[in-house]
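Next comes final.cif, with mmCIF, C-alpha atoms and all ligand atoms.
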```cif
data_input
#
loop_
_atom_site.group_PDB
_atom_site.id
_atom_site.type_symbol
_atom_site.label_atom_id
_atom_site.label_comp_id
_atom_site.auth_asym_id
_atom_site.auth_seq_id
_atom_site.Cartn_x
_atom_site.Cartn_y
_atom_site.Cartn_z
ATOM 1 C CA MET A 1 -9.008 -31.031 -3.900
ATOM 2 C CA PRO A 2 -7.945 -28.105 -6.134
ATOM 3 C CA VAL A 3 -8.847 -24.561 -5.084
ATOM 4 C CA THR A 4 -11.596 -23.060 -7.238
ATOM 5 C CA LEU A 5 -12.229 -19.345 -7.806
ATOM 6 C CA LEU A 6 -15.375 -17.290 -7.301
ATOM 7 C CA GLY A 7 -17.369 -16.392 -10.404
ATOM 8 C CA ALA A 8 -19.220 -13.091 -10.855
ATOM 9 C CA ALA A 9 -22.664 -14.570 -10.246
ATOM 10 C CA GLU A 10 -21.396 -16.449 -7.211
ATOM 11 C CA ILE A 11 -20.000 -13.236 -5.704
ATOM 12 C CA ARG A 12 -23.347 -11.481 -5.979
ATOM 13 C CA ALA A 13 -25.138 -14.521 -4.554
ATOM 14 C CA LEU A 14 -22.656 -14.592 -1.674
ATOM 15 C CA ALA A 15 -23.240 -10.898 -0.964
ATOM 16 C CA ALA A 16 -26.998 -11.542 -0.937
ATOM 17 C CA GLU A 17 -26.543 -14.549 1.363
ATOM 18 C CA LEU A 18 -24.528 -12.405 3.793
ATOM 19 C CA ASP A 19 -26.826 -9.407 3.331
ATOM 20 C CA VAL A 20 -23.812 -7.295 2.289
ATOM 21 C CA THR A 21 -24.385 -4.082 0.358
ATOM 22 C CA PRO A 22 -20.966 -2.723 -0.674
ATOM 23 C CA THR A 23 -20.201 0.526 1.146
ATOM 24 C CA LYS A 24 -18.160 3.484 -0.135
ATOM 25 C CA LYS A 25 -16.955 4.205 3.395
ATOM 26 C CA LEU A 26 -14.984 0.947 3.441
ATOM 27 C CA GLY A 27 -13.952 1.194 -0.223
ATOM 28 C CA GLN A 28 -15.882 -1.962 -1.030
ATOM 29 C CA ASN A 29 -15.499 -2.517 -4.767
ATOM 30 C CA PHE A 30 -15.191 -6.261 -5.203
ATOM 31 C CA VAL A 31 -13.332 -7.838 -8.123
ATOM 32 C CA VAL A 32 -15.717 -10.157 -9.958
ATOM 33 C CA ASP A 33 -13.362 -11.403 -12.680
ATOM 34 C CA ALA A 34 -11.185 -14.503 -12.318
ATOM 35 C CA ASN A 35 -8.645 -13.349 -14.950
ATOM 36 C CA THR A 36 -7.998 -10.144 -13.008
ATOM 37 C CA VAL A 37 -7.338 -11.814 -9.666
ATOM 38 C CA ARG A 38 -5.004 -14.322 -11.375
ATOM 39 C CA LYS A 39 -3.234 -11.430 -13.104
ATOM 40 C CA ILE A 40 -2.612 -9.732 -9.729
ATOM 41 C CA VAL A 41 -1.241 -12.945 -8.203
ATOM 42 C CA HIS A 42 0.967 -13.486 -11.265
ATOM 43 C CA ALA A 43 2.304 -9.903 -11.084
ATOM 44 C CA ALA A 44 3.268 -10.556 -7.451
ATOM 45 C CA ARG A 45 5.138 -13.748 -8.471
ATOM 46 C CA VAL A 46 3.466 -15.626 -5.622
ATOM 47 C CA GLN A 47 5.200 -18.977 -5.057
ATOM 48 C CA PRO A 48 3.825 -22.175 -3.491
ATOM 49 C CA GLY A 49 4.509 -22.239 0.245
ATOM 50 C CA GLU A 50 4.981 -18.474 0.588
ATOM 51 C CA ARG A 51 3.034 -16.592 3.253
ATOM 52 C CA VAL A 52 1.042 -13.691 1.805
ATOM 53 C CA VAL A 53 -0.825 -10.972 3.683
ATOM 54 C CA GLU A 54 -3.952 -9.620 2.048
ATOM 55 C CA ILE A 55 -5.501 -6.381 3.287
ATOM 56 C CA GLY A 56 -9.274 -6.314 2.821
ATOM 57 C CA PRO A 57 -10.125 -9.783 1.444
ATOM 58 C CA GLY A 58 -13.805 -8.816 1.172
ATOM 59 C CA LEU A 59 -15.844 -11.691 -0.281
ATOM 60 C CA GLY A 60 -12.639 -13.607 -1.052
ATOM 61 C CA SER A 61 -12.093 -13.462 -4.824
ATOM 62 C CA LEU A 62 -8.428 -12.393 -4.660
ATOM 63 C CA THR A 63 -7.851 -14.525 -1.547
ATOM 64 C CA LEU A 64 -8.825 -17.671 -3.441
ATOM 65 C CA ALA A 65 -6.499 -16.787 -6.333
ATOM 66 C CA ILE A 66 -3.562 -16.414 -3.897
ATOM 67 C CA LEU A 67 -4.482 -19.748 -2.302
ATOM 68 C CA GLU A 68 -4.841 -21.330 -5.766
ATOM 69 C CA ALA A 69 -1.170 -20.427 -6.360
ATOM 70 C CA GLY A 70 -0.246 -22.594 -3.339
ATOM 71 C CA ALA A 71 0.516 -19.774 -0.900
ATOM 72 C CA ARG A 72 -0.743 -19.420 2.661
ATOM 73 C CA VAL A 73 -2.739 -16.292 3.433
ATOM 74 C CA THR A 74 -3.082 -13.999 6.429
ATOM 75 C CA ALA A 75 -6.117 -11.824 5.626
ATOM 76 C CA VAL A 76 -6.922 -8.616 7.545
ATOM 77 C CA GLU A 77 -10.552 -7.495 7.175
ATOM 78 C CA ILE A 78 -12.327 -4.705 9.073
ATOM 79 C CA ASP A 79 -15.873 -5.759 8.145
ATOM 80 C CA HIS A 80 -16.850 -8.385 10.749
ATOM 81 C CA ARG A 81 -19.399 -10.148 8.555
ATOM 82 C CA LEU A 82 -16.865 -10.587 5.754
ATOM 83 C CA ALA A 83 -14.080 -11.630 8.139
ATOM 84 C CA ALA A 84 -16.323 -14.234 9.782
ATOM 85 C CA HIS A 85 -17.471 -15.721 6.488
ATOM 86 C CA LEU A 86 -14.115 -15.934 4.686
ATOM 87 C CA PRO A 87 -13.115 -19.333 6.174
ATOM 88 C CA VAL A 88 -16.519 -20.715 5.109
ATOM 89 C CA THR A 89 -16.007 -19.515 1.518
ATOM 90 C CA ALA A 90 -12.457 -20.894 1.539
ATOM 91 C CA ALA A 91 -13.626 -24.328 2.741
ATOM 92 C CA ARG A 92 -16.359 -24.424 0.087
ATOM 93 C CA HIS A 93 -13.677 -23.737 -2.551
ATOM 94 C CA GLY A 94 -11.274 -26.488 -1.578
ATOM 95 C CA VAL A 95 -8.899 -24.580 0.718
ATOM 96 C CA ASP A 96 -7.265 -26.457 3.626
ATOM 97 C CA ALA A 97 -8.238 -24.827 6.925
ATOM 98 C CA ASP A 98 -4.607 -24.232 7.920
ATOM 99 C CA ALA A 99 -3.799 -22.304 4.708
ATOM 100 C CA LEU A 100 -5.889 -19.277 5.738
ATOM 101 C CA THR A 101 -5.709 -17.119 8.868
ATOM 102 C CA VAL A 102 -8.233 -14.309 9.187
ATOM 103 C CA VAL A 103 -7.547 -11.253 11.333
ATOM 104 C CA ASP A 104 -10.779 -9.379 12.073
ATOM 105 C CA ALA A 105 -9.309 -5.893 12.528
ATOM 106 C CA ASP A 106 -8.600 -2.448 11.110
ATOM 107 C CA ALA A 107 -5.436 -2.857 9.009
ATOM 108 C CA LEU A 108 -4.316 0.625 10.101
ATOM 109 C CA ARG A 109 -4.109 -0.614 13.684
ATOM 110 C CA VAL A 110 -2.694 -4.129 13.434
ATOM 111 C CA THR A 111 0.710 -4.546 15.048
ATOM 112 C CA GLU A 112 1.218 -8.285 14.490
ATOM 113 C CA LEU A 113 0.641 -10.554 11.531
ATOM 114 C CA PRO A 114 0.317 -14.308 12.141
ATOM 115 C CA GLY A 115 2.862 -16.237 10.074
ATOM 116 C CA GLU A 116 5.086 -13.189 9.408
ATOM 117 C CA PRO A 117 4.153 -12.894 5.702
ATOM 118 C CA SER A 118 6.864 -11.827 3.258
ATOM 119 C CA VAL A 119 4.506 -10.755 0.446
ATOM 120 C CA LEU A 120 1.609 -8.269 0.362
ATOM 121 C CA VAL A 121 -1.132 -8.718 -2.229
ATOM 122 C CA ALA A 122 -4.236 -6.555 -2.042
ATOM 123 C CA ASN A 123 -6.984 -4.681 -3.766
ATOM 124 C CA LEU A 124 -6.731 -1.845 -1.268
ATOM 125 C CA PRO A 125 -9.618 0.188 0.101
ATOM 126 C CA TYR A 126 -9.012 3.442 -1.783
ATOM 127 C CA ASN A 127 -9.633 5.883 1.036
ATOM 128 C CA VAL A 128 -6.779 4.485 3.177
ATOM 129 C CA SER A 129 -4.412 3.023 0.569
ATOM 130 C CA VAL A 130 -1.316 5.159 1.251
ATOM 131 C CA PRO A 131 -1.546 5.233 5.092
ATOM 132 C CA VAL A 132 -2.136 1.488 5.197
ATOM 133 C CA LEU A 133 0.829 0.769 2.882
ATOM 134 C CA LEU A 134 3.167 2.969 4.929
ATOM 135 C CA HIS A 135 1.886 1.437 8.176
ATOM 136 C CA PHE A 136 2.554 -2.097 6.901
ATOM 137 C CA LEU A 137 6.023 -1.310 5.577
ATOM 138 C CA GLU A 138 6.929 0.417 8.823
ATOM 139 C CA THR A 139 5.460 -2.141 11.218
ATOM 140 C CA PHE A 140 6.326 -5.438 9.489
ATOM 141 C CA PRO A 141 9.993 -5.591 8.498
ATOM 142 C CA TYR A 142 9.585 -9.166 7.223
ATOM 143 C CA LEU A 143 7.379 -7.855 4.392
ATOM 144 C CA GLN A 144 9.732 -7.962 1.398
ATOM 145 C CA ARG A 145 7.649 -7.244 -1.685
ATOM 146 C CA GLY A 146 4.125 -6.868 -2.942
ATOM 147 C CA VAL A 147 1.613 -5.884 -5.572
ATOM 148 C CA VAL A 148 -1.397 -3.763 -4.722
ATOM 149 C CA MET A 149 -4.266 -2.379 -6.729
ATOM 150 C CA VAL A 150 -4.949 1.280 -5.986
ATOM 151 C CA GLN A 151 -6.528 4.315 -7.607
ATOM 152 C CA ALA A 152 -4.525 5.139 -10.776
ATOM 153 C CA GLU A 153 -3.355 8.551 -9.502
ATOM 154 C CA VAL A 154 -2.113 7.008 -6.258
ATOM 155 C CA ALA A 155 -0.201 4.278 -8.119
ATOM 156 C CA GLU A 156 1.413 6.886 -10.376
ATOM 157 C CA ARG A 157 2.420 8.969 -7.366
ATOM 158 C CA LEU A 158 3.918 5.990 -5.540
ATOM 159 C CA ALA A 159 6.010 5.105 -8.592
ATOM 160 C CA ALA A 160 6.888 8.718 -9.547
ATOM 161 C CA ALA A 161 10.505 9.834 -9.872
ATOM 162 C CA PRO A 162 11.836 13.173 -8.555
ATOM 163 C CA GLY A 163 11.357 16.020 -10.999
ATOM 164 C CA SER A 164 7.937 14.847 -12.149
ATOM 165 C CA LYS A 165 4.858 16.957 -11.358
ATOM 166 C CA ILE A 166 3.192 14.116 -9.468
ATOM 167 C CA TYR A 167 6.208 13.306 -7.270
ATOM 168 C CA GLY A 168 5.085 14.202 -3.775
ATOM 169 C CA SER A 169 5.171 13.249 -0.130
ATOM 170 C CA PRO A 170 3.782 9.688 -0.705
ATOM 171 C CA SER A 171 6.418 9.098 -3.425
ATOM 172 C CA ALA A 172 9.312 10.167 -1.203
ATOM 173 C CA LYS A 173 8.011 8.308 1.871
ATOM 174 C CA ALA A 174 7.391 5.126 -0.132
ATOM 175 C CA ALA A 175 10.939 5.382 -1.523
ATOM 176 C CA TRP A 176 12.303 5.328 2.048
ATOM 177 C CA TYR A 177 11.325 1.632 2.133
ATOM 178 C CA GLY A 178 12.213 0.453 -1.358
ATOM 179 C CA SER A 179 11.569 0.706 -5.082
ATOM 180 C CA TRP A 180 8.178 1.003 -6.741
ATOM 181 C CA ARG A 181 6.953 0.439 -10.301
ATOM 182 C CA LEU A 182 3.655 0.345 -12.146
ATOM 183 C CA ALA A 183 2.690 -3.276 -12.753
ATOM 184 C CA GLY A 184 -0.445 -3.301 -14.906
ATOM 185 C CA THR A 185 -3.805 -1.801 -15.717
ATOM 186 C CA VAL A 186 -7.214 -2.966 -14.587
ATOM 187 C CA SER A 187 -10.545 -2.189 -16.236
ATOM 188 C CA ARG A 188 -13.304 -0.584 -14.156
ATOM 189 C CA GLN A 189 -15.653 -3.250 -15.490
ATOM 190 C CA VAL A 190 -14.078 -6.002 -13.368
ATOM 191 C CA PHE A 191 -15.450 -4.429 -10.172
ATOM 192 C CA TRP A 192 -18.801 -4.647 -8.494
ATOM 193 C CA PRO A 193 -19.974 -1.989 -8.017
ATOM 194 C CA VAL A 194 -18.147 -0.261 -10.919
ATOM 195 C CA PRO A 195 -16.078 2.557 -9.326
ATOM 196 C CA ASN A 196 -15.870 6.075 -10.745
ATOM 197 C CA VAL A 197 -12.057 6.037 -10.760
ATOM 198 C CA ASP A 198 -9.453 4.032 -12.705
ATOM 199 C CA SER A 199 -7.166 1.539 -10.990
ATOM 200 C CA LEU A 200 -3.583 0.429 -11.555
ATOM 201 C CA LEU A 201 -1.357 -2.228 -10.076
ATOM 202 C CA VAL A 202 1.779 -1.025 -8.371
ATOM 203 C CA ALA A 203 4.610 -3.310 -7.249
ATOM 204 C CA PHE A 204 7.207 -2.679 -4.550
ATOM 205 C CA GLU A 205 10.398 -4.365 -3.464
ATOM 206 C CA ARG A 206 11.923 -3.528 -0.094
ATOM 207 C CA ASP A 207 15.560 -2.396 -0.139
ATOM 208 C CA ALA A 208 18.031 -5.041 1.060
ATOM 209 C CA GLU A 209 19.253 -2.700 3.797
ATOM 210 C CA PRO A 210 17.073 -0.228 5.721
ATOM 211 C CA ARG A 211 18.032 3.415 5.180
ATOM 212 C CA GLY A 212 18.240 4.089 8.885
ATOM 213 C CA ASP A 213 16.627 3.677 12.273
ATOM 214 C CA GLU A 214 13.218 4.872 13.443
ATOM 215 C CA ASP A 215 14.591 8.201 14.643
ATOM 216 C CA LEU A 216 16.133 8.994 11.253
ATOM 217 C CA ARG A 217 12.923 7.925 9.512
ATOM 218 C CA ARG A 218 10.828 10.271 11.656
ATOM 219 C CA ARG A 219 13.184 13.166 11.009
ATOM 220 C CA THR A 220 13.244 12.424 7.274
ATOM 221 C CA PHE A 221 9.428 12.244 7.084
ATOM 222 C CA ARG A 222 9.150 15.559 8.988
ATOM 223 C CA ILE A 223 11.344 17.234 6.371
ATOM 224 C CA ILE A 224 9.389 15.599 3.533
ATOM 225 C CA ASP A 225 6.118 16.894 5.046
ATOM 226 C CA ALA A 226 7.568 20.409 5.341
ATOM 227 C CA ALA A 227 9.011 20.379 1.810
ATOM 228 C CA PHE A 228 5.757 19.240 0.197
ATOM 229 C CA GLY A 229 3.482 21.170 2.577
ATOM 230 C CA GLN A 230 4.513 24.280 0.681
ATOM 231 C CA ARG A 231 5.617 22.653 -2.564
ATOM 232 C CA ARG A 232 5.630 25.841 -4.613
ATOM 233 C CA LYS A 233 8.095 27.498 -2.249
ATOM 234 C CA MET A 234 11.837 27.083 -2.493
ATOM 235 C CA LEU A 235 13.292 24.645 0.010
ATOM 236 C CA ARG A 236 15.036 27.372 2.007
ATOM 237 C CA GLN A 237 11.575 28.770 2.789
ATOM 238 C CA ALA A 238 9.579 25.549 3.041
ATOM 239 C CA VAL A 239 11.864 23.778 5.518
ATOM 240 C CA SER A 240 12.978 26.858 7.460
ATOM 241 C CA PRO A 241 10.832 26.030 10.562
ATOM 242 C CA LEU A 242 12.956 22.869 10.980
ATOM 243 C CA PHE A 243 16.309 24.598 10.418
ATOM 244 C CA GLY A 244 16.718 27.618 12.643
ATOM 245 C CA GLY A 245 13.564 29.471 11.589
ATOM 246 C CA THR A 246 14.889 31.666 8.778
ATOM 247 C CA ALA A 247 15.643 31.232 5.094
ATOM 248 C CA ALA A 248 19.294 32.028 5.835
ATOM 249 C CA THR A 249 19.710 29.322 8.501
ATOM 250 C CA ALA A 250 17.855 26.819 6.300
ATOM 251 C CA SER A 251 20.044 27.727 3.305
ATOM 252 C CA ALA A 252 23.155 27.047 5.371
ATOM 253 C CA ALA A 253 21.856 23.625 6.434
ATOM 254 C CA LEU A 254 20.913 22.715 2.858
ATOM 255 C CA GLU A 255 24.223 23.904 1.422
ATOM 256 C CA ALA A 256 26.124 21.973 4.089
ATOM 257 C CA VAL A 257 24.830 18.719 2.572
ATOM 258 C CA GLY A 258 25.176 19.833 -1.046
ATOM 259 C CA ILE A 259 21.546 20.743 -1.760
ATOM 260 C CA ASP A 260 20.754 23.942 -3.670
ATOM 261 C CA PRO A 261 18.421 25.940 -1.326
ATOM 262 C CA THR A 262 16.517 27.377 -4.299
ATOM 263 C CA LEU A 263 15.275 23.925 -5.380
ATOM 264 C CA ARG A 264 11.767 22.732 -4.557
ATOM 265 C CA GLY A 265 10.863 19.545 -2.703
ATOM 266 C CA GLU A 266 9.791 17.766 -5.871
ATOM 267 C CA GLN A 267 13.389 17.876 -7.109
ATOM 268 C CA LEU A 268 14.903 15.998 -4.160
ATOM 269 C CA THR A 269 15.545 12.265 -4.117
ATOM 270 C CA ILE A 270 14.959 10.221 -0.988
ATOM 271 C CA ASP A 271 18.768 10.149 -0.602
ATOM 272 C CA ASP A 272 18.770 13.971 -0.445
ATOM 273 C CA PHE A 273 16.027 14.015 2.202
ATOM 274 C CA VAL A 274 17.838 11.395 4.285
ATOM 275 C CA ARG A 275 21.187 13.223 4.013
ATOM 276 C CA LEU A 276 19.543 16.419 5.197
ATOM 277 C CA ALA A 277 17.770 14.651 8.081
ATOM 278 C CA ALA A 278 20.998 12.922 9.138
ATOM 279 C CA SER A 279 22.803 16.275 9.334
ATOM 280 C CA VAL A 280 20.623 17.566 12.193
ATOM 281 C CA HIS A 281 20.820 16.288 15.733
HETATM 282 C C1 LIG B 1 -11.578 -2.750 -2.681
HETATM 283 S S1 LIG B 1 -12.281 -3.931 -1.567
HETATM 284 C C2 LIG B 1 -11.401 -5.393 -2.025
HETATM 285 C C3 LIG B 1 -12.118 -6.665 -1.688
HETATM 286 C C4 LIG B 1 -11.520 -7.938 -2.273
HETATM 287 N N1 LIG B 1 -10.125 -8.103 -1.923
HETATM 288 C C5 LIG B 1 -11.664 -7.969 -3.773
HETATM 289 O O1 LIG B 1 -10.664 -7.722 -4.466
HETATM 290 O O2 LIG B 1 -12.773 -8.223 -4.245
HETATM 291 C C6 LIG B 1 -11.522 -3.402 -0.040
HETATM 292 C C7 LIG B 1 -11.745 -4.304 1.161
HETATM 293 O O3 LIG B 1 -11.037 -3.734 2.268
HETATM 294 C C8 LIG B 1 -11.852 -3.758 3.440
HETATM 295 N N2 LIG B 1 -11.365 -2.646 4.295
HETATM 296 C C9 LIG B 1 -11.672 -1.323 4.222
HETATM 297 N N3 LIG B 1 -11.001 -0.612 5.144
HETATM 298 C C10 LIG B 1 -10.233 -1.515 5.821
HETATM 299 C C11 LIG B 1 -9.313 -1.416 6.901
HETATM 300 N N4 LIG B 1 -9.040 -0.221 7.463
HETATM 301 N N5 LIG B 1 -8.731 -2.537 7.370
HETATM 302 C C12 LIG B 1 -9.009 -3.757 6.798
HETATM 303 N N6 LIG B 1 -9.866 -3.912 5.778
HETATM 304 C C13 LIG B 1 -10.468 -2.822 5.285
HETATM 305 C C14 LIG B 1 -13.268 -3.620 2.916
HETATM 306 O O4 LIG B 1 -14.226 -4.085 3.833
HETATM 307 C C15 LIG B 1 -13.169 -4.454 1.632
HETATM 308 O O5 LIG B 1 -13.439 -5.802 1.910
#
```
Just dump the structure as structure tokens.
Amino acid sequence: MPVTLLGAAEIRALAAELDVTPTKKLGQNFVVDANTVRKIVHAARVQPGERVVEIGPGLGSLTLAILEAGARVTAVEIDHRLAAHLPVTAARHGVDADALTVVDADALRVTELPGEPSVLVANLPYNVSVPVLLHFLETFPYLQRGVVMVQAEVAERLAAAPGSKIYGSPSAKAAWYGSWRLAGTVSRQVFWPVPNVDSLLVAFERDAEPRGDEDLRRRTFRIIDAAFGQRRKMLRQAVSPLFGGTAATASAALEAVGIDPTLRGEQLTIDDFVRLAASVH
């Protein structure tokens, strides 16, 4: 039996059946347009037989599109009613029971994913999109690539290059794990309820080799936080608490790895941050 998708009317009827009123707190803006969920799955190049993790499946519209492409899905949903009902929706829409595994949990706290998925596809809850992405990339090394829908400004930041005004701490931290690019626009009208922000798709691909171990990552992220915590200050000032406490000691550390101490954080690449972190013990 082929997998069928949820239509807009069906989604509203399902919400009524489950007595679900979308809440802002959980970022519940459901996609009610079949073309959009197929577009997301296409952008992620989901292949038959692949294992995909979806964060926040909600009523299941994107989940069914991933399953329609022949993938298996591990879905992590914090809302118990939605998590409990997802297998019912899947069965009604022609999905084999073993193609879907639901994890009823807060995605920020999960430490294991059944099936070790290699692809992430999600319409992320906006209030936790960056922390949840960083948590997944850090905790699940088998995750190789993905496409997520996030607030437009967040997508632009994740994909921003050094030197741009929007390049910030999320951009540099995301770059620790791999490369990021904008992967498509989405109209507000495809959501229910219609949000008051624009959304974009952003795609990532994990680097073939990790940049370093957990200790180096922590040290690098500490420097990134310091550099962007006071982004208008020159680096020699902004990172001084981590390098001897004065602008002079920080300047020496920066110069030792070939970084001009009068630059600002937004001008450093992830390679620069890592080189600096690796120079301290
Ligand atoms: C923007 S909606 C997307 C729903 C569905 N995937 C769609 O596209 O229609 C975000 C979903 O994430 C869930 N969610 C919010 N915070 C979460 C968290 N910390 N962990 C797991 N799921 C979460 C919400 O309950 C909601 O179902």
Need the shell around Ala90 (chain A): protein/DNA/RNA residues with any atom at most 8 Å away, counting all atoms listed in the file. Skip same-chain ones fewer than 4 positions apart. Format as a count of residues only?
8
Contacts of region 164-169 of chain A within 12 Å, all atoms listed in the file, excl. fewer than 6 positions in-chain, as a PyMOL selection string
chain A and resi 130-131+134+152-158+175-176+220-232+264-270+273
Once 4 Å is added on each side, what are the centre and the three edge lengths, in Å to one decimal, of the axis-aligned box enclosing the listed atoms of ligand LIG 1 (chain B)? Present them as JSON.
```
{"center_x": -11.5, "center_y": -4.2, "center_z": 1.5, "size_x": 13.5, "size_y": 16.0, "size_z": 19.9}
```
Assuming the chain letters and numbering stay as they are in my file, what does the PyMOL selection byres (((chain A and resi 188-197) around 6) and not hetatm) actually select? List them as a PDB file with C-alpha atoms, in the coordinates of the input.
```pdb
ATOM      1  CA  ASN A  29     -15.499  -2.517  -4.767  1.00  0.00           C
ATOM      2  CA  PHE A  30     -15.191  -6.261  -5.203  1.00  0.00           C
ATOM      3  CA  VAL A  31     -13.332  -7.838  -8.123  1.00  0.00           C
ATOM      4  CA  VAL A  32     -15.717 -10.157  -9.958  1.00  0.00           C
ATOM      5  CA  ASP A  33     -13.362 -11.403 -12.680  1.00  0.00           C
ATOM      6  CA  SER A 187     -10.545  -2.189 -16.236  1.00  0.00           C
ATOM      7  CA  ASP A 198      -9.453   4.032 -12.705  1.00  0.00           C
TER       8      ASP A 198
END
```
Separation of CA of Lys39 (chain A) from CA of Glu77 (chain A) in Å:
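Going from CA of Glu77 (chain A) over to CA of Lys39 (chain A), I get 21.9 Å.
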Name the residues, using the chain letters and numbers of the file, that sit within 7 Å of (4.0, -21.3, -1.0) when counting all atoms listed in the file, and give them as a PyMOL selection string.
chain A and resi 47-51+70-72
For Thr111 (chain A), which residue out of A:Thr139, A:Asn127, A:Thr21, A:Ser199 is the nearest one, using all atoms listed in the file?
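Smallest distance to Thr111 (chain A) is found for A:Thr139.
Across A:Ala44, A:Val121, A:Ala183, A:Ala105, the tightest approach to Val73 (chain A) is made by A:Val121 when counting only C-alpha atoms.
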Choose the residue, out of A:Ser179, A:Ser129, A:Gln237, A:Asn123, that has the smallest atom-to-atom separation from ligand LIG 1 (chain B); count all atoms listed in the file.
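When distances to ligand LIG 1 (chain B) are compared using all atoms listed in the file, the smallest one comes from A:Asn123.
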Give the residue list for ligand LIG 1 (chain B) at 7 Å, counting only C-alpha atoms and all ligand atoms, as a ChimeraX atom specification, sorted by chain and then by residue number.
/A:26-32,55-63,76-79,105-108,122-126,128
Using all atoms listed in the file, find each residue in region 25-61 of chain A having at least one atom no more than 12 Å away from region 202-215 of chain A; report its shortest atom-to-atom pair and that distance in Å (one decimal), rows by chain then rising number, as a Markdown table.
```
| residue | atom | partner | partner_atom | distance |
| --- | --- | --- | --- | --- |
| A:Ile40 | CA | A:Val202 | CA | 9.8 |
| A:Val41 | CA | A:Ala203 | CA | 11.3 |
| A:His42 | CA | A:Ala203 | CA | 11.5 |
| A:Ala43 | CA | A:Ala203 | CA | 8.0 |
| A:Ala44 | CA | A:Ala203 | CA | 7.4 |
| A:Arg45 | CA | A:Ala203 | CA | 10.5 |
```
Which one of A:Thr36, A:Ala248, A:Pro87, A:Arg218 sits closest to Met149 (chain A) if you count all atoms listed in the file?
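Selected residue with least distance to Met149 (chain A): A:Thr36.
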Could you check how far CA of Val102 (chain A) sits from CA of Leu201 (chain A), in Å to one decimal?
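It comes out at 23.8 Å.
Going from CA of Gln144 (chain A) over to CA of Ser118 (chain A), you cover 5.2 Å.
Of the residues listed (A:Ala161, A:Val53, A:Leu235, A:Val37), A:Val53 shows the shortest atom-to-atom separation from Phe140 (chain A); distances use all atoms listed in the file.
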Reference answer for the PyMOL selection byres (((chain A and resi 18) around 12) and not hetatm), as number ranges by chain:
A: 11-17, 19-22, 58-59, 79-86, 88-89
Output C-alpha atoms for every residue in that selection, as an mmCIF file, keeping the file's coordinate frame.
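Output below, filename out-v8.cif:
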```cif
data_model
loop_
_atom_site.group_PDB
_atom_site.id
_atom_site.type_symbol
_atom_site.label_atom_id
_atom_site.label_comp_id
_atom_site.auth_asym_id
_atom_site.auth_seq_id
_atom_site.Cartn_x
_atom_site.Cartn_y
_atom_site.Cartn_z
ATOM 1 C CA ILE A 11 -20.000 -13.236 -5.704
ATOM 2 C CA ARG A 12 -23.347 -11.481 -5.979
ATOM 3 C CA ALA A 13 -25.138 -14.521 -4.554
ATOM 4 C CA LEU A 14 -22.656 -14.592 -1.674
ATOM 5 C CA ALA A 15 -23.240 -10.898 -0.964
ATOM 6 C CA ALA A 16 -26.998 -11.542 -0.937
ATOM 7 C CA GLU A 17 -26.543 -14.549 1.363
ATOM 8 C CA ASP A 19 -26.826 -9.407 3.331
ATOM 9 C CA VAL A 20 -23.812 -7.295 2.289
ATOM 10 C CA THR A 21 -24.385 -4.082 0.358
ATOM 11 C CA PRO A 22 -20.966 -2.723 -0.674
ATOM 12 C CA GLY A 58 -13.805 -8.816 1.172
ATOM 13 C CA LEU A 59 -15.844 -11.691 -0.281
ATOM 14 C CA ASP A 79 -15.873 -5.759 8.145
ATOM 15 C CA HIS A 80 -16.850 -8.385 10.749
ATOM 16 C CA ARG A 81 -19.399 -10.148 8.555
ATOM 17 C CA LEU A 82 -16.865 -10.587 5.754
ATOM 18 C CA ALA A 83 -14.080 -11.630 8.139
ATOM 19 C CA ALA A 84 -16.323 -14.234 9.782
ATOM 20 C CA HIS A 85 -17.471 -15.721 6.488
ATOM 21 C CA LEU A 86 -14.115 -15.934 4.686
ATOM 22 C CA VAL A 88 -16.519 -20.715 5.109
ATOM 23 C CA THR A 89 -16.007 -19.515 1.518
#
```
Counting only C-alpha atoms, the residue of A:Val119, A:Leu133, A:Val110, A:Val148 that sits nearest Val46 (chain A)
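Nearest candidate to Val46 (chain A) out of A:Val119, A:Leu133, A:Val110, A:Val148: A:Val119.
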